[in-house]
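The next block is data15.cif, given as mmCIF, C-alpha atoms.
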```cif
data_query
#
loop_
_atom_site.label_atom_id
_atom_site.label_comp_id
_atom_site.auth_asym_id
_atom_site.auth_seq_id
_atom_site.Cartn_x
_atom_site.Cartn_y
_atom_site.Cartn_z
CA MET A 1 0.00 0.00 0.00
CA HIS A 2 1.36 3.40 -0.99
CA CYS A 3 0.76 6.29 1.42
CA VAL A 4 1.20 9.93 0.54
CA PHE A 5 2.13 12.38 3.26
CA ARG A 6 -0.09 15.43 3.11
CA PRO A 7 1.31 18.32 5.17
CA PHE A 8 -1.50 20.21 6.85
CA PRO A 9 -1.07 23.29 9.04
CA PRO A 10 -1.13 22.95 12.82
CA ARG A 11 -4.57 23.27 14.41
CA TYR A 12 -3.63 26.34 16.46
CA LEU A 13 -3.17 28.42 13.32
CA THR A 14 -6.32 30.04 12.02
CA LYS A 15 -7.19 30.49 8.36
CA LYS A 16 -6.30 34.18 8.37
CA TYR A 17 -2.64 33.28 9.01
CA ILE A 18 -2.43 30.51 6.45
CA HIS A 19 -2.29 30.93 2.71
CA VAL A 20 -3.25 27.97 0.60
CA MET A 21 -1.50 27.43 -2.68
CA LYS A 22 -3.94 27.86 -5.58
CA PHE A 23 -3.62 25.76 -8.70
CA TYR A 24 -5.49 27.04 -11.78
CA SER A 25 -6.19 24.29 -14.25
CA HIS A 26 -8.43 22.90 -16.96
CA TYR A 27 -9.29 19.21 -16.84
CA LEU A 28 -8.33 18.62 -20.50
CA SER A 29 -4.94 20.33 -20.25
CA SER A 30 -2.06 17.86 -20.33
CA CYS A 31 0.25 20.60 -19.05
CA SER A 32 -2.02 20.97 -16.03
CA PHE A 33 -2.20 17.22 -15.67
CA ARG A 34 1.56 16.85 -15.14
CA VAL A 35 1.43 19.50 -12.39
CA ARG A 36 -1.54 17.72 -10.76
CA ILE A 37 0.53 14.54 -10.75
CA ALA A 38 3.47 16.33 -9.10
CA LEU A 39 1.24 17.94 -6.46
CA GLY A 40 -0.20 14.52 -5.67
CA LEU A 41 3.15 12.71 -5.58
CA LYS A 42 4.59 15.35 -3.29
CA GLY A 43 1.47 15.42 -1.12
CA ILE A 44 1.16 19.20 -1.35
CA HIS A 45 -2.03 20.71 0.05
CA HIS A 46 -3.54 23.11 -2.49
CA GLU A 47 -6.79 24.56 -3.73
CA TYR A 48 -7.83 23.47 -7.22
CA VAL A 49 -9.35 26.31 -9.26
CA ALA A 50 -11.06 25.16 -12.45
CA VAL A 51 -10.62 27.49 -15.42
CA ASP A 52 -13.39 27.20 -18.01
CA MET A 53 -11.33 27.55 -21.16
CA LEU A 54 -14.15 26.39 -23.40
CA ASN A 55 -16.13 29.50 -22.44
CA GLY A 56 -13.16 31.89 -22.48
CA GLN A 57 -12.49 32.28 -18.75
CA HIS A 58 -8.76 32.10 -19.52
CA LEU A 59 -9.07 35.34 -21.53
CA THR A 60 -10.62 37.42 -18.74
CA ASP A 61 -8.65 40.31 -17.28
CA GLU A 62 -8.65 38.56 -13.90
CA PHE A 63 -7.00 35.41 -15.26
CA LEU A 64 -4.63 37.30 -17.58
CA LYS A 65 -3.14 38.93 -14.47
CA LEU A 66 -2.07 35.45 -13.40
CA SER A 67 -1.16 34.09 -16.81
CA PRO A 68 -0.44 36.86 -19.34
CA LEU A 69 -0.58 34.36 -22.23
CA GLY A 70 -3.97 33.12 -21.07
CA MET A 71 -2.85 29.52 -20.66
CA VAL A 72 -3.14 26.98 -17.89
CA PRO A 73 -1.70 25.87 -15.59
CA ALA A 74 -0.99 28.70 -13.20
CA LEU A 75 0.11 28.41 -9.61
CA VAL A 76 -0.27 31.08 -6.94
CA ASP A 77 1.76 30.53 -3.77
CA GLY A 78 1.39 33.63 -1.62
CA ASP A 79 2.95 36.46 -3.63
CA ILE A 80 4.52 34.09 -6.14
CA ILE A 81 2.71 33.51 -9.44
CA ILE A 82 3.99 30.95 -11.93
CA ALA A 83 2.27 30.34 -15.27
CA ASP A 84 4.13 27.50 -16.96
CA SER A 85 3.99 23.79 -16.16
CA PHE A 86 7.74 23.19 -16.34
CA ALA A 87 8.50 26.25 -14.21
CA ILE A 88 5.85 25.12 -11.71
CA LEU A 89 7.39 21.64 -11.53
CA MET A 90 10.85 23.09 -10.92
CA TYR A 91 9.46 25.44 -8.26
CA LEU A 92 7.69 22.60 -6.45
CA GLU A 93 10.81 20.44 -6.61
CA GLU A 94 12.93 23.19 -5.05
CA LYS A 95 10.43 24.31 -2.43
CA TYR A 96 9.32 20.80 -1.42
CA PRO A 97 12.35 18.51 -1.73
CA GLN A 98 10.58 15.68 0.11
CA HIS A 99 9.26 13.03 -2.27
CA PRO A 100 11.54 14.12 -5.15
CA LEU A 101 10.18 13.94 -8.68
CA LEU A 102 13.60 13.29 -10.20
CA PRO A 103 16.20 10.62 -9.44
CA ASN A 104 19.47 11.56 -7.73
CA ASP A 105 21.53 9.84 -10.43
CA LEU A 106 22.66 12.53 -12.90
CA GLN A 107 22.30 10.34 -16.00
CA LYS A 108 18.78 9.22 -15.04
CA ARG A 109 17.87 12.83 -14.26
CA ALA A 110 19.10 13.89 -17.72
CA LEU A 111 16.94 11.18 -19.32
CA ASN A 112 13.93 12.57 -17.45
CA TYR A 113 14.68 16.07 -18.75
CA GLN A 114 15.08 14.66 -22.25
CA ALA A 115 11.72 12.87 -22.13
CA ALA A 116 10.00 15.97 -20.74
CA ASN A 117 11.50 18.12 -23.48
CA ILE A 118 10.38 15.71 -26.19
CA VAL A 119 6.82 15.83 -24.89
CA SER A 120 6.74 19.61 -24.45
CA SER A 121 8.41 20.58 -27.72
CA ASN A 122 7.43 17.83 -30.14
CA ARG A 123 4.08 16.31 -29.12
CA GLN A 124 2.48 18.92 -26.91
CA PRO A 125 2.21 21.75 -29.47
CA LEU A 126 0.23 19.57 -31.89
CA GLN A 127 -2.62 19.12 -29.43
CA ASN A 128 -2.70 22.78 -28.36
CA PRO A 129 -5.97 24.43 -29.44
CA ARG A 130 -4.10 27.57 -30.59
CA ILE A 131 -1.99 25.50 -32.97
CA GLN A 132 -5.01 23.53 -34.17
CA VAL A 133 -6.85 26.74 -34.99
CA LEU A 134 -3.80 28.01 -36.88
CA PHE A 135 -3.58 24.79 -38.89
CA GLU A 136 -7.30 24.82 -39.64
CA SER A 137 -6.98 28.35 -41.03
CA GLN A 138 -3.97 27.39 -43.18
CA ILE A 139 -4.96 23.95 -44.46
CA GLU A 140 -7.49 23.90 -47.27
CA ALA A 141 -8.68 20.34 -47.03
CA PRO A 142 -12.01 18.63 -46.41
CA HIS A 143 -10.78 16.98 -43.19
CA THR A 144 -10.16 18.20 -39.68
CA THR A 145 -6.81 19.32 -38.39
CA ARG A 146 -6.54 16.35 -36.06
CA THR A 147 -7.13 13.90 -38.94
CA HIS A 148 -4.62 15.74 -41.13
CA LEU A 149 -1.97 15.79 -38.40
CA GLN A 150 -2.45 12.12 -37.56
CA ALA A 151 -2.09 11.17 -41.22
CA ASN A 152 0.84 13.44 -42.09
CA CYS A 153 2.89 13.99 -38.93
CA LYS A 154 3.90 10.52 -37.81
#
```
Output the file's structure in the form of C-alpha cells.
Amino acid sequence: MHCVFRPFPPRYLTKKYIHVMKFYSHYLSSCSFRVRIALGLKGIHHEYVAVDMLNGQHLTDEFLKLSPLGMVPALVDGDIIIADSFAILMYLEEKYPQHPLLPNDLQKRALNYQAANIVSSNRQPLQNPRIQVLFESQIEAPHTTRTHLQANCK
C-alpha cells in the first residue's frame, strides 16, 4: 500500500494566518495534468481552481493577471505567481524537496529532462488548441486538423 504524506497546518493556526497554494487548471490540459501529478506525488495541500477555457475564462482580465498568455496551468503561492507547467514543476521540486520527482543519479535525471522536453516541444504543441486553430486556417482540405496531423505527422 502506498501512502502519501499530506502536510496540513497545525490546528492552532487560524485560516487568516495561512495561505493555501492555488492551482489554476483545466481538466483537459495535459500541461495541467503533469502538475496535478506532481502535487499529488509530493502530497502538497492546495486549492484546485477550475478554469473554463471552453467559455473563455482564460481570456478574462482577472486570469490574464495570473497568466499573461492566457494559458493553464498557473500556480499562486502567496505572492509568487507561476504560469508554466515546467516552471511550476521546478518550483515545487525546489520548495518541497521531500518526495523528489527526479532521481538523484545525474544520467537518469538527464533522461527525465530529455523525455520531458520531447513531450513539451514535439508532441504537446500539436494538441494545443491555438496550434489547431492556426492549422485549420492554413490547411485547405475537407478533413479536420486532427485527422490531417495524424495522417501526415507521424
Distance query region 40-51 of chain A at most 9 Å, all atoms listed in the file, self and fewer than 6 positions along chain excluded, as an MDAnalysis selection string: chainID A and resid 4:8 20:27 57:58 63 72 92:93 96:101
Separation of CA of Val76 (chain A) from CA of Ser29 (chain A), in Å and rounded to one decimal: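 Computing it gives 17.7 Å between the two atoms.
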Interatomic distance, CA of Ser32 (chain A) to CA of Asp52 (chain A) (Å, one decimal): 13.1 Å
Can you work out the spacing between CA of Leu64 (chain A) and CA of Ser30 (chain A) in Å, to one decimal?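 Answer for the CA of Leu64 (chain A) to CA of Ser30 (chain A) separation: 19.8 Å.
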Select, from A:Leu39, A:Ala116, A:Ala74, A:Leu59, the residue with the minimum atom-to-atom distance to Lys95 (chain A), counting all atoms listed in the file. A:Leu39
For region 87-89 of chain A, find every residue with an atom within 8 Å (counting all atoms listed in the file), except residues of its own chain fewer than 6 positions away, and show them as a count of residues only. 4
Between A:Ser85, A:Gln107, A:Asn112, A:Ser67, which is the closest to Cys31 (chain A) once you count all atoms listed in the file?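 Nearest candidate to Cys31 (chain A) out of A:Ser85, A:Gln107, A:Asn112, A:Ser67: A:Ser85.
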Have a look at A:Tyr113, A:Pro103, A:Gly56, A:Leu28 and name the one nearest to Phe86 (chain A); count only C-alpha atoms. A:Tyr113
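Closest approach to Ser120 (chain A) among A:Leu54, A:Asp77, A:Asp61, A:Asp84 is made by A:Asp84 (distances from only C-alpha atoms).
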